[in-house]
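Pasted below: start_13.txt, compact mmCIF, C-alpha atoms and all ligand atoms.
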# COMPACT_ATOMS: atom_id res chain seq x y z
CA MET V 26 -18.60 -24.38 -5.65
CA THR V 27 -18.50 -20.58 -5.28
CA ARG V 28 -15.01 -19.21 -4.68
CA GLY V 29 -14.47 -17.37 -1.39
CA LEU V 30 -13.75 -13.66 -1.59
CA PHE V 31 -11.61 -11.64 0.81
CA ILE V 32 -12.01 -7.84 0.98
CA SER V 33 -10.20 -5.64 3.50
CA PHE V 34 -10.98 -2.03 4.46
CA GLU V 35 -8.11 0.24 5.42
CA GLY V 36 -7.31 3.81 6.34
CA ILE V 37 -6.17 6.00 9.22
CA ASP V 38 -8.41 6.23 12.29
CA GLY V 39 -11.56 8.18 11.48
CA ALA V 40 -11.26 7.75 7.70
CA GLY V 41 -14.79 6.28 7.49
CA LYS V 42 -14.35 2.50 7.08
CA SER V 43 -16.98 1.47 9.64
CA THR V 44 -19.51 3.88 8.13
CA HIS V 45 -19.48 1.96 4.82
CA ILE V 46 -18.64 -1.66 5.57
CA GLU V 47 -22.23 -2.65 6.52
CA ARG V 48 -23.51 -1.35 3.19
CA VAL V 49 -20.98 -3.48 1.34
CA ALA V 50 -22.15 -6.48 3.39
CA ALA V 51 -25.74 -5.70 2.36
CA LEU V 52 -24.77 -5.55 -1.33
CA PHE V 53 -23.24 -9.04 -1.19
CA ARG V 54 -26.11 -10.49 0.87
CA GLN V 55 -28.65 -9.08 -1.59
CA ALA V 56 -26.67 -10.82 -4.33
CA GLY V 57 -27.08 -14.12 -2.47
CA ARG V 58 -23.62 -14.42 -0.92
CA ALA V 59 -22.94 -15.45 2.69
CA VAL V 60 -20.92 -12.69 4.38
CA VAL V 61 -18.54 -12.83 7.35
CA LEU V 62 -18.04 -9.34 8.76
CA THR V 63 -14.98 -9.21 10.97
CA ARG V 64 -12.14 -6.95 12.14
CA GLU V 65 -8.49 -6.75 13.15
CA PRO V 66 -7.06 -6.82 15.62
CA GLY V 67 -9.87 -9.11 16.80
CA GLY V 68 -12.39 -11.47 15.25
CA THR V 69 -11.93 -14.40 17.69
CA PRO V 70 -12.23 -14.46 21.52
CA LEU V 71 -8.43 -14.68 21.90
CA SER V 72 -7.74 -12.04 19.24
CA GLU V 73 -10.25 -9.70 20.91
CA LYS V 74 -8.31 -10.10 24.20
CA LEU V 75 -5.10 -9.22 22.35
CA ARG V 76 -6.93 -6.21 20.86
CA GLU V 77 -7.71 -4.90 24.35
CA LEU V 78 -4.01 -5.12 25.23
CA VAL V 79 -2.60 -3.49 22.08
CA LEU V 80 -5.17 -0.68 22.02
CA HIS V 81 -4.79 0.27 25.67
CA GLU V 82 -1.37 -0.79 27.07
CA PRO V 83 1.86 1.05 26.29
CA MET V 84 4.44 -1.36 24.81
CA ASP V 85 7.59 -1.71 22.72
CA ALA V 86 7.15 -1.46 18.91
CA LEU V 87 8.29 -5.07 18.32
CA THR V 88 5.93 -6.35 21.03
CA GLU V 89 3.09 -4.40 19.39
CA ALA V 90 3.88 -5.81 15.92
CA LEU V 91 4.15 -9.38 17.25
CA LEU V 92 0.82 -9.11 19.06
CA MET V 93 -0.85 -7.82 15.87
CA PHE V 94 0.48 -10.82 13.97
CA ALA V 95 -0.42 -13.24 16.80
CA ALA V 96 -4.01 -11.95 16.77
CA ARG V 97 -4.00 -12.23 12.94
CA ARG V 98 -2.74 -15.82 12.92
CA GLU V 99 -5.54 -16.89 15.26
CA HIS V 100 -8.11 -14.94 13.19
CA LEU V 101 -6.90 -16.48 9.92
CA VAL V 102 -6.90 -20.04 11.21
CA GLN V 103 -10.17 -19.85 13.15
CA VAL V 104 -12.30 -17.55 11.00
CA ILE V 105 -10.93 -16.31 7.65
CA GLU V 106 -9.60 -19.52 6.09
CA PRO V 107 -12.68 -21.62 7.05
CA ALA V 108 -14.98 -18.90 5.66
CA LEU V 109 -13.07 -18.71 2.36
CA ALA V 110 -13.09 -22.52 2.14
CA ARG V 111 -16.92 -22.43 2.49
CA GLY V 112 -17.09 -19.92 -0.36
CA ASP V 113 -18.15 -16.99 1.84
CA VAL V 114 -17.33 -13.32 1.38
CA VAL V 115 -15.02 -12.12 4.18
CA LEU V 116 -15.20 -8.36 4.83
CA CYS V 117 -12.43 -7.43 7.22
CA ASP V 118 -12.12 -4.03 8.91
CA ARG V 119 -8.29 -3.80 8.63
CA PHE V 120 -5.76 -6.54 7.85
CA THR V 121 -1.98 -6.66 7.36
CA ASP V 122 -1.72 -3.38 5.45
CA ALA V 123 -2.59 -1.76 8.80
CA THR V 124 0.49 -3.36 10.38
CA PHE V 125 2.71 -2.02 7.60
CA ALA V 126 1.06 1.41 7.86
CA TYR V 127 0.89 1.75 11.69
CA GLN V 128 3.83 -0.31 12.98
CA GLY V 129 5.95 0.22 9.83
CA GLY V 130 5.01 3.77 8.79
CA GLY V 131 3.80 5.17 12.13
CA ARG V 132 6.20 3.50 14.58
CA GLY V 133 9.09 3.16 12.12
CA PHE V 134 9.39 -0.60 12.60
CA ASP V 135 11.52 -2.40 9.99
CA TRP V 136 9.46 -2.93 6.80
CA GLN V 137 11.40 -6.05 5.74
CA VAL V 138 10.97 -7.74 9.10
CA LEU V 139 7.23 -7.07 8.81
CA GLY V 140 7.38 -8.79 5.41
CA GLN V 141 9.01 -11.83 7.02
CA LEU V 142 6.36 -11.98 9.73
CA GLU V 143 3.65 -11.58 7.08
CA ALA V 144 5.03 -14.55 5.13
CA MET V 145 5.24 -16.69 8.28
CA VAL V 146 1.75 -15.85 9.54
CA GLN V 147 -0.21 -15.71 6.28
CA THR V 148 1.10 -18.74 4.43
CA THR V 149 -1.77 -21.22 4.28
CA ALA V 150 -1.67 -25.00 4.66
CA GLN V 151 -1.63 -25.11 0.83
CA GLY V 152 1.52 -22.95 0.75
CA VAL V 153 -0.25 -19.84 -0.56
CA LEU V 154 0.45 -16.38 0.90
CA ARG V 155 -3.03 -15.20 1.92
CA GLN V 156 -3.76 -11.63 0.86
CA PRO V 157 -7.08 -9.84 0.34
CA ASP V 158 -8.49 -10.05 -3.20
CA LEU V 159 -9.42 -6.39 -2.88
CA THR V 160 -8.34 -3.71 -0.39
CA VAL V 161 -10.52 -0.62 -0.18
CA TRP V 162 -8.27 2.17 1.12
CA PHE V 163 -10.10 5.18 2.58
CA ASP V 164 -7.47 7.86 2.07
CA LEU V 165 -7.96 10.98 4.18
CA ASP V 166 -5.94 13.97 5.38
CA PRO V 167 -5.14 13.33 9.09
CA GLN V 168 -6.39 16.81 9.99
CA ILE V 169 -9.87 16.04 8.63
CA ALA V 170 -9.88 12.62 10.32
CA ALA V 171 -8.98 14.23 13.66
CA GLU V 172 -11.82 16.74 13.30
CA ARG V 173 -14.29 13.93 12.53
CA LEU V 174 -13.12 11.86 15.50
CA ALA V 175 -12.99 14.76 17.98
CA SER V 176 -16.74 14.70 18.48
CA ALA V 177 -17.17 10.94 18.00
CA ARG V 178 -15.61 9.03 20.95
CA VAL V 179 -12.99 8.74 23.70
CA PRO V 180 -9.67 8.10 21.88
CA ASP V 181 -7.71 4.85 22.35
CA LYS V 182 -3.88 4.55 22.31
CA PHE V 183 -3.62 4.98 18.53
CA GLU V 184 -6.34 7.61 18.17
CA SER V 185 -4.49 9.75 20.76
CA GLN V 186 -1.40 9.99 18.53
CA PRO V 187 -0.46 13.39 17.01
CA ALA V 188 -1.13 14.38 13.38
CA ASP V 189 2.45 13.62 12.25
CA PHE V 190 2.01 9.99 13.37
CA PHE V 191 -1.06 9.71 11.11
CA ALA V 192 0.78 11.43 8.26
CA ALA V 193 3.40 8.65 8.55
CA VAL V 194 0.66 5.98 8.71
CA ARG V 195 -0.93 7.46 5.58
CA ALA V 196 2.47 7.36 3.83
CA GLY V 197 2.76 3.71 4.93
CA TYR V 198 -0.53 2.92 3.18
CA ALA V 199 0.65 4.75 0.05
CA LYS V 200 3.90 2.73 0.06
CA ARG V 201 1.98 -0.51 0.44
CA GLN V 202 -0.33 0.44 -2.44
CA ALA V 203 2.69 1.22 -4.63
CA GLU V 204 4.10 -2.24 -3.82
CA MET V 205 0.84 -4.09 -4.60
CA PRO V 206 -1.22 -1.83 -6.88
CA GLY V 207 -3.32 -4.68 -8.29
CA ARG V 208 -5.43 -5.27 -5.20
CA PHE V 209 -5.76 -1.69 -3.89
CA ALA V 210 -8.66 0.66 -4.64
CA ARG V 211 -8.02 4.15 -3.26
CA ILE V 212 -11.10 6.11 -2.24
CA ASP V 213 -10.96 9.87 -1.66
CA ALA V 214 -12.51 9.80 1.83
CA SER V 215 -12.70 13.61 2.14
CA GLN V 216 -15.92 13.61 0.08
CA THR V 217 -19.41 13.52 1.56
CA ARG V 218 -20.65 10.23 3.05
CA GLU V 219 -22.89 9.79 0.00
CA ALA V 220 -20.05 10.33 -2.51
CA VAL V 221 -17.73 8.00 -0.58
CA GLY V 222 -20.51 5.38 -0.44
CA GLU V 223 -20.97 5.66 -4.20
CA ALA V 224 -17.20 5.28 -4.80
CA VAL V 225 -17.08 2.21 -2.55
CA ALA V 226 -20.06 0.65 -4.37
CA GLN V 227 -18.26 1.22 -7.69
CA VAL V 228 -15.11 -0.60 -6.62
CA VAL V 229 -16.95 -3.61 -5.16
CA THR V 230 -19.50 -3.97 -7.97
CA PRO V 231 -17.14 -5.97 -10.26
CA TRP V 232 -16.84 -8.51 -7.41
CA LEU V 233 -20.61 -9.02 -7.03
CA PRO V 234 -22.13 -12.08 -8.71
CA ARG V 235 -23.72 -11.14 -12.03
CA SER V 236 -27.49 -11.42 -11.86
CA GLY V 237 -28.56 -14.82 -13.14
CA SER V 238 -25.18 -16.42 -12.32
N1 LIG J 301 -17.66 11.30 4.53
C1 LIG J 301 -17.80 11.69 5.80
N2 LIG J 301 -17.96 13.00 6.09
C2 LIG J 301 -18.07 13.44 7.37
N3 LIG J 301 -18.03 12.62 8.46
C3 LIG J 301 -17.88 11.30 8.23
C4 LIG J 301 -17.76 10.76 6.91
N4 LIG J 301 -17.60 9.42 7.00
C5 LIG J 301 -17.62 9.13 8.31
N5 LIG J 301 -17.81 10.24 9.07
C6 LIG J 301 -17.85 10.35 10.53
O1 LIG J 301 -16.48 10.28 10.96
C7 LIG J 301 -16.37 9.52 12.15
C8 LIG J 301 -15.40 8.36 11.90
O2 LIG J 301 -15.98 7.46 10.94
P1 LIG J 301 -15.81 5.89 11.07
O3 LIG J 301 -16.03 5.43 12.49
O4 LIG J 301 -16.60 5.25 9.99
O5 LIG J 301 -14.25 5.78 10.75
P2 LIG J 301 -13.29 4.53 10.84
O6 LIG J 301 -12.38 4.60 9.67
O7 LIG J 301 -14.07 3.27 11.00
O8 LIG J 301 -12.48 4.87 12.17
P3 LIG J 301 -11.65 3.86 13.12
O9 LIG J 301 -10.71 3.15 12.24
O10 LIG J 301 -10.97 4.77 14.06
O11 LIG J 301 -12.65 2.94 13.77
C9 LIG J 301 -17.78 9.07 12.52
O12 LIG J 301 -18.31 9.98 13.45
C10 LIG J 301 -18.54 9.16 11.20
O13 LIG J 301 -19.92 9.42 11.36
C1 LIG J 302 -4.92 -4.32 12.42
C2 LIG J 302 -4.07 -3.26 13.04
C3 LIG J 302 -4.64 -2.19 13.70
N1 LIG J 302 -3.87 -1.24 14.24
C4 LIG J 302 -4.50 -0.11 14.94
C5 LIG J 302 -5.27 0.80 14.03
C6 LIG J 302 -6.37 1.34 14.90
O1 LIG J 302 -5.89 2.48 15.58
C7 LIG J 302 -6.60 0.23 15.91
C8 LIG J 302 -7.83 -0.57 15.62
O2 LIG J 302 -8.95 0.20 15.88
P1 LIG J 302 -10.19 0.32 14.85
O3 LIG J 302 -11.15 1.21 15.57
O4 LIG J 302 -10.68 -1.06 14.64
O5 LIG J 302 -9.70 0.94 13.60
O6 LIG J 302 -5.46 -0.62 15.84
C9 LIG J 302 -2.49 -1.33 14.18
O7 LIG J 302 -1.77 -0.46 14.72
N2 LIG J 302 -1.91 -2.38 13.53
C10 LIG J 302 -2.65 -3.35 12.95
O8 LIG J 302 -2.08 -4.32 12.36
File written out as structure tokens:
Amino acid sequence: MTRGLFISFEGIDGAGKSTHIERVAALFRQAGRAVVLTREPGGTPLSEKLRELVLHEPMDALTEALLMFAARREHLVQVIEPALARGDVVLCDRFTDATFAYQGGGRGFDWQVLGQLEAMVQTTAQGVLRQPDLTVWFDLDPQIAAERLASARVPDKFESQPADFFAAVRAGYAKRQAEMPGRFARIDASQTREAVGEAVAQVVTPWLPRSGS
């Protein structure tokens, strides 16, 4: 049976993840793979309700981190693990690296405690710590991201944060990459859409089934 594949897409708000994720889905579908396109926080009815709360209600940093992990647990159990067990490709717009970057880097929440929560929430029934096979990190200067978002939409609680918050989030992603370099692919997201799309295609191509297989 085909092995499931888990790819996450990360970056500060406005870095360009959503612009490219559909194209990655199309590449896998064209190669004959079933794709589950999902997001965090969210991906199940309950997790989407939690998303509404965390994106729009002011709250304590620990409360925020716990709600992110609560939404993730539900998402893992209801959607991600069953999809991987079927052999599907799961493309997830953000996963736990976002919690380390935003709640750890941005809010300054304790990195080690986040690691403990990660272990509790992401350990599967088989005793394996679930992590993405590949994390595509859209790395972008917060100033450029803010300019891109300014004309795009009404900002939510995170998107309304100042540039120094996003500089700390970006540093959180860099720290996470340094801790787990094997699964991270950093994309220079300041390039044109076409160049970024090409870079994304290059990093996912080794994960596509070889033609004839
Ligand atoms: N390479 C690029 N050059 C210029 N503009 C871009 C580029 N990539 C995306 N954009 C534009 O920037 C804005 C943000 O892009 P997008 O929504 O894909 O980011 P995102 O990472 O998904 O953001 P969020 O995490 O906040 O949802 C959109 O208006 C999009 O059209
Ligand atoms: C998973 C996760 C997300 N966030 C933040 C990051 C973004 O500002 C929003 C999600 O909005 P998007 O348009 O889907 O990017 O939530 C976070 O702070 N912590 C997390 O774990």
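Closest approach to Thr88 in chain V from the set V:Val60, V:Arg132, V:Ala126, V:Gln227 is made by V:Arg132, with distances taken over only C-alpha atoms.
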Protein and nucleic acid residues within 7 Å of ligand LIG 301 (chain J) (only C-alpha atoms and all ligand atoms) as a PyMOL selection string
chain V and resi 36-45+173-174+177+184+214-218+221
Let me make sure I understand: among V:Ala175, V:Val115, V:Leu91, V:Ala220, which one has the smallest atom-to-atom distance to ligand LIG 302 (chain J) if we use all atoms listed in the file?
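Among the listed residues, the smallest separation from ligand LIG 302 (chain J) belongs to V:Leu91.
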Can you work out which residues are within 9 Å of ligand LIG 302 (chain J), considering all atoms listed in the file, and then hand them over as a PyMOL selection string?
chain V and resi 35-39+42-43+64-67+76+79-80+89-90+92-94+96-97+118-128+131-132+181-184
Which of these residues is nearest to Gly207 in chain V, using all atoms listed in the file: V:Ala110, V:Leu159, V:Met84, V:Leu78?
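Ranked by minimum distance to Gly207 in chain V, first place goes to V:Leu159.
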For CA of Ala188 in chain V and CA of Pro167 in chain V, quote the distance in Å rounded to one decimal.
6.0 Å
Just give me the gap between CA of Ala108 in chain V and CA of Gln147 in chain V in Å, one decimal is fine.
15.1 Å
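The space between CA of Ile105 in chain V and CA of Pro180 in chain V spans 28.3 Å.
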Out of V:Val102, V:Leu116, V:Val194, V:Met145, which residue has the shortest atom-to-atom distance to Pro157 in chain V when counting all atoms listed in the file?
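Counting all atoms listed in the file, the residue closest to Pro157 in chain V is V:Leu116.
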Determine the nearest neighbour of Val104 in chain V from the options V:Trp232, V:Phe31, V:Phe209, V:Phe191, counting all atoms listed in the file.
V:Phe31
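Nearest residue to Pro231 in chain V, choosing from V:Leu52, V:Leu165, V:Leu139, V:Ile46 and counting only C-alpha atoms: V:Leu52.
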I want to know what sits within 9 Å of Glu99 in chain V, based on all atoms listed in the file, with residues of the same chain fewer than 6 positions away left out; could you give that as JSON, numbers by chain?
{"V": [68, 69, 71, 72]}
